[in-house]
Amino acid sequence: MKQKITLKARAIRYLSIREYSVRELARKLSPYASDEDDLDALMEWLQARGFLSESRFVDAYVRRQSVRYGNARILRDLQNHGISDSVLHDTESEMLDNEFERAWHVWRKKFGHKPSDIREQTRQIRFLQQRGFSGEIIRQVMKNDALPD
């Protein structure tokens, strides 16, 4: 006989694999919840016991995404996850310090050479824009000759 997994056990199993935002975990658990009140109570219980933490989720998410994306993209994604504005503001200030280095490494991995003509330059700029890097950072990357270490 197969034993039914409780909602709490399912939530803890998900959180043991990786960090989730409250909104993301609630969406993932909603098909298994009998009603919305059970899910809300579980989210509060998980937060009160320290199993679910907004700051841990933000740290893990930023660490995972910063090797590929710029500040604008990461902040937009965090906002979509339901992260509070105060945490977003703090995260943005922390990420500003190394955005140039991150943009440079993303650019170098994809291209590795200065554009030979205007068409190639436009393509490289568009790539960095789509990754969420700011215009000022893109200008710095495009005009910089030395590799940062």
# chains A, B, ... in the order shown; residues from 1 in each chain; ligands from 1

$ residues_around --residues "stretch 79-81 of chain A" --least-positions-apart "6" --cutoff "7 Å" --atoms "only C-alpha atoms" --output "list of chain:residue names"
A:Ser21, A:Arg23, A:Glu24

$ closest_residue --among "A:Leu78, A:Met142, A:Val58, A:Leu88" --to "A:His113" --atoms "only C-alpha atoms"
A:Met142

$ residues_around --residues "A:Ser66" --least-positions-apart "3" --cutoff "10 Å" --atoms "only C-alpha atoms" --output "PyMOL selection string"
chain A and resi 61-63+69-71+73-74+95+98-99+102-103+106

$ atom_distance --atom1 "atom CA of A:Gln140" --atom2 "atom CA of A:Ile125"
11.1 Å

$ residues_around --residues "A:Ala33" --least-positions-apart "4" --cutoff "10 Å" --atoms "only C-alpha atoms" --output "CSV table (one decimal) with N, CA, C and O atoms, in the first residue's frame"
chain,number,residue,atom,x,y,z
A,6,THR,N,2.4,13.9,3.0
A,6,THR,CA,1.7,15.1,3.5
A,6,THR,C,2.3,16.4,2.7
A,6,THR,O,3.4,16.3,2.2
A,7,LEU,N,1.5,17.4,2.8
A,7,LEU,CA,1.9,18.7,2.2
A,7,LEU,C,3.2,19.2,2.8
A,7,LEU,O,4.1,19.7,2.1
A,8,LYS,N,3.3,19.1,4.1
A,8,LYS,CA,4.5,19.6,4.9
A,8,LYS,C,5.7,18.8,4.4
A,8,LYS,O,6.8,19.3,4.2
A,26,ALA,N,4.6,28.0,-3.1
A,26,ALA,CA,3.1,27.9,-3.0
A,26,ALA,C,2.5,27.4,-4.4
A,26,ALA,O,1.6,26.6,-4.4
A,28,LYS,N,4.0,25.6,-6.6
A,28,LYS,CA,4.4,24.2,-6.8
A,28,LYS,C,3.6,23.2,-5.9
A,28,LYS,O,3.3,22.1,-6.3
A,29,LEU,N,3.2,23.7,-4.7
A,29,LEU,CA,2.4,22.8,-3.8
A,29,LEU,C,0.9,22.9,-4.0
A,29,LEU,O,0.2,22.1,-3.5
A,37,ASP,N,-6.2,27.9,2.6
A,37,ASP,CA,-5.9,28.2,4.0
A,37,ASP,C,-4.8,27.2,4.5
A,37,ASP,O,-3.9,27.7,5.2
A,38,ASP,N,-4.8,26.0,4.1
A,38,ASP,CA,-3.8,25.0,4.4
A,38,ASP,C,-2.4,25.5,3.9
A,38,ASP,O,-1.4,25.4,4.6
A,39,LEU,N,-2.4,25.9,2.7
A,39,LEU,CA,-1.2,26.3,2.0
A,39,LEU,C,-0.6,27.6,2.7
A,39,LEU,O,0.6,27.7,2.9
A,40,ASP,N,-1.5,28.5,3.0
A,40,ASP,CA,-1.0,29.8,3.7
A,40,ASP,C,-0.5,29.4,5.0
A,40,ASP,O,0.6,30.0,5.4
A,42,LEU,N,0.8,26.6,6.0
A,42,LEU,CA,2.1,25.9,5.8
A,42,LEU,C,3.2,26.9,5.5
A,42,LEU,O,4.3,26.8,6.0

$ closest_residue --among "A:Asp90, A:Arg64, A:Gly132, A:Phe127" --to "A:Arg76" --atoms "only C-alpha atoms"
A:Gly132

$ closest_residue --among "A:Asp59, A:Gln65, A:Val22, A:Ser134" --to "A:Glu44" --atoms "only C-alpha atoms"
A:Val22

$ decode --residues "stretch 60-76 of chain A" --atoms "all heavy atoms" --output "compact mmCIF listing (two decimals), in the first residue's frame"
# COMPACT_ATOMS: atom_id res chain seq x y z
N ALA A 60 20.84 32.82 -3.09
CA ALA A 60 21.06 31.67 -3.96
C ALA A 60 20.73 32.00 -5.42
O ALA A 60 21.46 31.64 -6.34
CB ALA A 60 20.23 30.48 -3.49
N TYR A 61 19.63 32.71 -5.61
CA TYR A 61 19.21 33.06 -6.97
C TYR A 61 20.22 33.99 -7.64
O TYR A 61 20.60 33.78 -8.80
CB TYR A 61 17.82 33.71 -6.94
CG TYR A 61 17.23 33.86 -8.31
CD1 TYR A 61 16.54 32.81 -8.90
CD2 TYR A 61 17.36 35.04 -9.03
CE1 TYR A 61 16.00 32.93 -10.17
CE2 TYR A 61 16.82 35.17 -10.29
CZ TYR A 61 16.15 34.11 -10.86
OH TYR A 61 15.63 34.24 -12.12
N VAL A 62 20.66 35.00 -6.90
CA VAL A 62 21.63 35.95 -7.45
C VAL A 62 22.94 35.24 -7.77
O VAL A 62 23.54 35.44 -8.83
CB VAL A 62 21.86 37.14 -6.49
CG1 VAL A 62 23.06 37.97 -6.89
CG2 VAL A 62 20.61 38.00 -6.44
N ARG A 63 23.39 34.39 -6.88
CA ARG A 63 24.64 33.65 -7.10
C ARG A 63 24.54 32.78 -8.36
O ARG A 63 25.46 32.71 -9.17
CB ARG A 63 24.94 32.80 -5.87
CG ARG A 63 26.31 32.22 -5.80
CD ARG A 63 26.64 31.52 -4.48
NE ARG A 63 25.56 30.77 -3.87
CZ ARG A 63 24.85 31.18 -2.83
NH1 ARG A 63 25.06 32.34 -2.29
NH2 ARG A 63 23.89 30.41 -2.32
N ARG A 64 23.40 32.14 -8.54
CA ARG A 64 23.20 31.24 -9.68
C ARG A 64 23.06 32.01 -11.00
O ARG A 64 23.59 31.60 -12.02
CB ARG A 64 21.93 30.42 -9.41
CG ARG A 64 21.82 29.15 -10.16
CD ARG A 64 20.66 28.26 -9.69
NE ARG A 64 19.38 28.93 -9.65
CZ ARG A 64 18.65 29.12 -8.56
NH1 ARG A 64 19.09 28.73 -7.38
NH2 ARG A 64 17.48 29.72 -8.61
N GLN A 65 22.37 33.15 -10.98
CA GLN A 65 22.07 33.86 -12.22
C GLN A 65 23.11 34.91 -12.60
O GLN A 65 23.18 35.31 -13.76
CB GLN A 65 20.70 34.54 -12.11
CG GLN A 65 19.55 33.59 -11.92
CD GLN A 65 19.38 32.65 -13.10
OE1 GLN A 65 19.60 33.01 -14.24
NE2 GLN A 65 18.97 31.43 -12.83
N SER A 66 23.91 35.36 -11.65
CA SER A 66 24.83 36.47 -11.94
C SER A 66 25.94 36.10 -12.90
O SER A 66 26.56 36.99 -13.48
CB SER A 66 25.41 37.04 -10.65
OG SER A 66 26.21 36.10 -10.01
N VAL A 67 26.20 34.84 -13.10
CA VAL A 67 27.23 34.46 -14.06
C VAL A 67 26.73 34.58 -15.50
O VAL A 67 27.54 34.55 -16.43
CB VAL A 67 27.75 33.02 -13.82
CG1 VAL A 67 28.46 32.93 -12.48
CG2 VAL A 67 26.64 32.00 -13.93
N ARG A 68 25.42 34.76 -15.68
CA ARG A 68 24.86 34.83 -17.02
C ARG A 68 24.11 36.13 -17.32
O ARG A 68 23.95 36.47 -18.50
CB ARG A 68 23.87 33.67 -17.23
CG ARG A 68 24.54 32.33 -17.14
CD ARG A 68 23.57 31.20 -17.33
NE ARG A 68 22.95 31.28 -18.63
CZ ARG A 68 21.79 30.73 -18.91
NH1 ARG A 68 21.11 30.09 -18.01
NH2 ARG A 68 21.28 30.83 -20.11
N TYR A 69 23.62 36.82 -16.29
CA TYR A 69 22.72 37.94 -16.52
C TYR A 69 23.15 39.19 -15.78
O TYR A 69 23.85 39.13 -14.77
CB TYR A 69 21.30 37.57 -16.10
CG TYR A 69 20.74 36.41 -16.87
CD1 TYR A 69 20.49 35.20 -16.25
CD2 TYR A 69 20.47 36.52 -18.22
CE1 TYR A 69 19.98 34.12 -16.96
CE2 TYR A 69 19.98 35.45 -18.94
CZ TYR A 69 19.74 34.26 -18.31
OH TYR A 69 19.24 33.20 -19.02
N GLY A 70 22.65 40.33 -16.25
CA GLY A 70 22.91 41.62 -15.65
C GLY A 70 21.90 41.94 -14.56
O GLY A 70 20.92 41.21 -14.35
N ASN A 71 22.14 43.05 -13.89
CA ASN A 71 21.31 43.45 -12.76
C ASN A 71 19.84 43.61 -13.13
O ASN A 71 18.96 43.18 -12.38
CB ASN A 71 21.83 44.76 -12.16
CG ASN A 71 23.18 44.58 -11.52
OD1 ASN A 71 23.72 43.48 -11.45
ND2 ASN A 71 23.74 45.68 -11.07
N ALA A 72 19.56 44.23 -14.25
CA ALA A 72 18.17 44.49 -14.63
C ALA A 72 17.38 43.18 -14.78
O ALA A 72 16.25 43.07 -14.30
CB ALA A 72 18.11 45.30 -15.92
N ARG A 73 17.97 42.22 -15.42
CA ARG A 73 17.30 40.94 -15.63
C ARG A 73 17.09 40.19 -14.31
O ARG A 73 16.02 39.65 -14.05
CB ARG A 73 18.14 40.10 -16.60
CG ARG A 73 17.73 38.65 -16.76
CD ARG A 73 16.64 38.48 -17.78
NE ARG A 73 16.27 37.10 -17.94
CZ ARG A 73 16.64 36.34 -18.96
NH1 ARG A 73 17.38 36.84 -19.92
NH2 ARG A 73 16.26 35.10 -19.03
N ILE A 74 18.11 40.17 -13.46
CA ILE A 74 18.01 39.47 -12.19
C ILE A 74 16.96 40.12 -11.30
O ILE A 74 16.12 39.44 -10.70
CB ILE A 74 19.38 39.42 -11.48
CG1 ILE A 74 20.35 38.54 -12.29
CG2 ILE A 74 19.25 38.88 -10.07
CD1 ILE A 74 21.79 38.61 -11.83
N LEU A 75 16.97 41.45 -11.23
CA LEU A 75 16.00 42.16 -10.39
C LEU A 75 14.58 41.97 -10.89
O LEU A 75 13.64 41.81 -10.10
CB LEU A 75 16.35 43.63 -10.30
CG LEU A 75 17.64 43.94 -9.52
CD1 LEU A 75 18.03 45.39 -9.69
CD2 LEU A 75 17.49 43.57 -8.07
N ARG A 76 14.39 41.96 -12.21
CA ARG A 76 13.06 41.73 -12.77
C ARG A 76 12.57 40.32 -12.42
O ARG A 76 11.41 40.13 -12.04
CB ARG A 76 13.08 41.93 -14.29
CG ARG A 76 11.69 41.84 -14.91
CD ARG A 76 11.72 41.99 -16.41
NE ARG A 76 12.38 40.83 -17.00
CZ ARG A 76 13.42 40.91 -17.84
NH1 ARG A 76 13.91 42.07 -18.20
NH2 ARG A 76 13.96 39.82 -18.33
